[in-house]
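Asker: Here it is: the structure, laid out below.
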Amino acid sequence: MAKIIAEDKNFERIIAREQPLETGEYDNCCFKHCDFSDAIFNERIFTDCRFEDCNLSMAKLRRTAFRDCTFLDCKLLGLQFDQCNDIGLSFKFERCQLNFSNFSSCKIKKTVFKNSELQEADFTACDLSGAVFDNCVLQRAVFDNTNLEKADFRTAVNYCIDPEKNRIKGAKFSIAGLPGLLGKYGIKIGAE
C-alpha cells in the first residue's frame, strides 16, 4: 500500500470515521476543525504541523511521530503519547484538554503547556526538564521519577509533586504552589 506525502496542505472539517487520514507523512500541514476521535494514527509522521480546534480524543498513536507540532484549542483526552515514536518527539499545547493522557517515559524537554487542563495526566519517568506549565490545571496528575529540572510551575495549579521522588533542581514554583510540594508532610501554610 502506497503512503501519502503531504506538504503545505490544509485539511478542514475531516471526520475520521467517514474519511480516515491516510498513512504517510504530513509536513507543514494545518488541520482545522477536524474530528479525529478514536482515529487510528498509527505510524503516521507529522512534522511542523498545526492542529486547531480538533478532537483527537482516544486516537491510536502507536509509533506516530509528532515533530515540532502545535495543538491549539484541541481536545486530546486519554491519548497515549507514550506509544508515539520517540525520535524527535516535540510539541506545544495551548488551550487544550489533555486530561487522562499518558506521557510516561517520554522525553519532551522544554515542552510548553499553556492555558491547558492536564487532570490525571501521567508523567511517570518523563523528562520534562525546562518544560513550562503556564496557567495549567494539574489536578491528580502523576509525577513519579520525573525529571522536572528547570521546569516552570509558577502559574500552574492543583499539582502534587513529591520532591523526594522527582528531580526538581532549578524548577520554579510560586508561593501559592507550596502546598503542592509540601502536602505529604502535613505542613499548614498560610495565616490560619
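Every chain in the C-alpha cells has a letter given in the order shown (A, B, ...), and although residue numbers restart at 1 in each chain, ligands are simply numbered from 1 in the order shown.
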Can you pull out every residue within 9 Å of stretch 111-114 of chain A, counting only C-alpha atoms, but drop anything in the same chain fewer than 5 positions away, and send it as a ChimeraX atom specification?

Answerer: /A:90-96,128-136

Asker: Just list the residues in stretch 13-168 of chain A DSSP gives strand (DSSP E or B) on the backbone, as a VMD selection string.

Answerer: chain A and resid 15 24 to 27 30 to 32 35 40 45 to 47 50 to 52 55 60 65 to 67 69 to 72 75 80 91 to 94 97 102 107 112 to 114 117 122 127 132 to 134 137 142 147 152 157 167

Asker: Counting only C-alpha atoms, what is within 10 Å of A:Phe143, bar same-chain residues fewer than 5 positions away, as JSON, numbers by chain?

Answerer: {"A": [104, 121, 122, 123, 124, 125, 126, 148, 159, 160, 161, 162, 163, 165, 166, 167]}

Asker: Between atom CA of A:Phe11 and atom CA of A:Cys30, what is the distance, to one decimal in Å?

Answerer: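 Value for the atom CA of A:Phe11-atom CA of A:Cys30 distance: 6.1 Å.
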
Asker: So, counting only C-alpha atoms, which residue among A:Ile108, A:Leu181, A:Ala6, A:Ala39 is closest to A:Glu164?

Answerer: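 Comparing A:Ile108, A:Leu181, A:Ala6, A:Ala39 against A:Glu164, the winner is A:Leu181.
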
Asker: Using only C-alpha atoms, determine which residues lie at most 7 Å from A:Asp35, disregarding the query and same-chain residues fewer than 4 positions distant; provide the list as a ChimeraX atom specification.

Answerer: /A:14-16,54-56

Asker: Atom CA of A:Asp127 to atom CA of A:Cys106: how many Å, to one decimal?

Answerer: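 Result for atom CA of A:Asp127 versus atom CA of A:Cys106: 6.3 Å, one decimal.
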
Asker: Can you tell me, as a list in words, what residues are no more than 8 Å from A:Leu98 when counting only C-alpha atoms, ignoring any on the same chain fewer than 3 positions away?

Answerer: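 Surrounding residues, per the criterion: Lys75, Leu76, Leu77, Gly78, Leu79, Ser101, Ser116, Glu117, Leu118, Gln119 and Ala121 of chain A.
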
Asker: Mind dumping the selected residues with N, CA and C atoms as an mmCIF file, in the first residue's frame?

Answerer:
```
data_model
loop_
_atom_site.group_PDB
_atom_site.id
_atom_site.type_symbol
_atom_site.label_atom_id
_atom_site.label_comp_id
_atom_site.auth_asym_id
_atom_site.auth_seq_id
_atom_site.Cartn_x
_atom_site.Cartn_y
_atom_site.Cartn_z
ATOM 1 N N LYS A 75 -9.004 19.063 21.808
ATOM 2 C CA LYS A 75 -9.445 18.100 22.813
ATOM 3 C C LYS A 75 -8.627 16.829 22.574
ATOM 4 N N LEU A 76 -7.806 16.479 23.591
ATOM 5 C CA LEU A 76 -6.856 15.373 23.449
ATOM 6 C C LEU A 76 -6.994 14.429 24.634
ATOM 7 N N LEU A 77 -8.194 14.028 24.941
ATOM 8 C CA LEU A 77 -8.464 13.223 26.123
ATOM 9 C C LEU A 77 -7.983 11.784 25.954
ATOM 10 N N GLY A 78 -7.261 11.299 26.965
ATOM 11 C CA GLY A 78 -6.872 9.892 27.004
ATOM 12 C C GLY A 78 -5.860 9.458 25.969
ATOM 13 N N LEU A 79 -5.071 10.374 25.442
ATOM 14 C CA LEU A 79 -4.085 9.980 24.432
ATOM 15 C C LEU A 79 -2.886 9.293 25.082
ATOM 16 N N SER A 101 -4.348 11.845 29.741
ATOM 17 C CA SER A 101 -3.328 11.477 28.751
ATOM 18 C C SER A 101 -2.102 10.894 29.439
ATOM 19 N N SER A 116 -3.909 25.116 29.677
ATOM 20 C CA SER A 116 -4.414 23.779 29.357
ATOM 21 C C SER A 116 -4.772 22.994 30.610
ATOM 22 N N GLU A 117 -5.627 21.990 30.421
ATOM 23 C CA GLU A 117 -6.017 21.092 31.502
ATOM 24 C C GLU A 117 -5.300 19.765 31.328
ATOM 25 N N LEU A 118 -4.624 19.333 32.404
ATOM 26 C CA LEU A 118 -3.875 18.077 32.382
ATOM 27 C C LEU A 118 -4.278 17.231 33.588
ATOM 28 N N GLN A 119 -5.568 17.227 33.880
ATOM 29 C CA GLN A 119 -6.046 16.483 35.036
ATOM 30 C C GLN A 119 -5.844 14.984 34.825
ATOM 31 N N ALA A 121 -3.285 13.416 34.149
ATOM 32 C CA ALA A 121 -2.280 13.050 33.151
ATOM 33 C C ALA A 121 -1.152 12.307 33.872
#
```

Asker: If you measure from atom CA of A:Asn158 to atom CA of A:Thr70, what distance in Å do you get, rounded to one decimal?

Answerer: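 Atom CA of A:Thr70 lies 24.6 Å from atom CA of A:Asn158.
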
Asker: Using only C-alpha atoms for the distances, tell me which of A:Leu72, A:Ala65, A:Leu21, A:Cys34 is nearest to A:Gly88.

Answerer: A:Ala65

Asker: For A:Phe81, which residue out of A:Asn115, A:Thr47, A:Ile5, A:Phe41 is the nearest one, using only C-alpha atoms?

Answerer: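 Looking at the shortest contact to A:Phe81, the residue is A:Phe41.
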
Asker: Check the DSSP output for the backbone and give back, as a ChimeraX atom specification, the residues of stretch 9-190 of chain A in alpha helix (DSSP H).

Answerer: /A:178-182

Asker: Mind dumping the selected residues with N, CA and C atoms as a tab-separated table (two decimals), in the first residue's frame?

Answerer:
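After the write, selection30.tsv holds the following:
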```
chain	number	residue	atom	x	y	z
A	178	LEU	N	3.28	26.14	47.08
A	178	LEU	CA	3.98	25.36	48.11
A	178	LEU	C	3.18	24.18	48.65
A	179	PRO	N	1.87	24.31	48.86
A	179	PRO	CA	1.13	23.13	49.34
A	179	PRO	C	1.25	21.93	48.41
A	180	GLY	N	1.40	22.17	47.11
A	180	GLY	CA	1.55	21.08	46.15
A	180	GLY	C	2.89	20.38	46.26
A	181	LEU	N	3.86	21.03	46.89
A	181	LEU	CA	5.19	20.44	47.10
A	181	LEU	C	5.35	19.83	48.49
A	182	LEU	N	4.65	20.41	49.45
A	182	LEU	CA	4.86	20.02	50.85
A	182	LEU	C	3.68	19.28	51.46
```

Asker: Given the choices A:Met58, A:Arg17, A:Asp144, A:Asp53, which gets closest to A:His33 if the distance is worked out from only C-alpha atoms?

Answerer: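 Result for the nearest residue to A:His33: A:Asp53.
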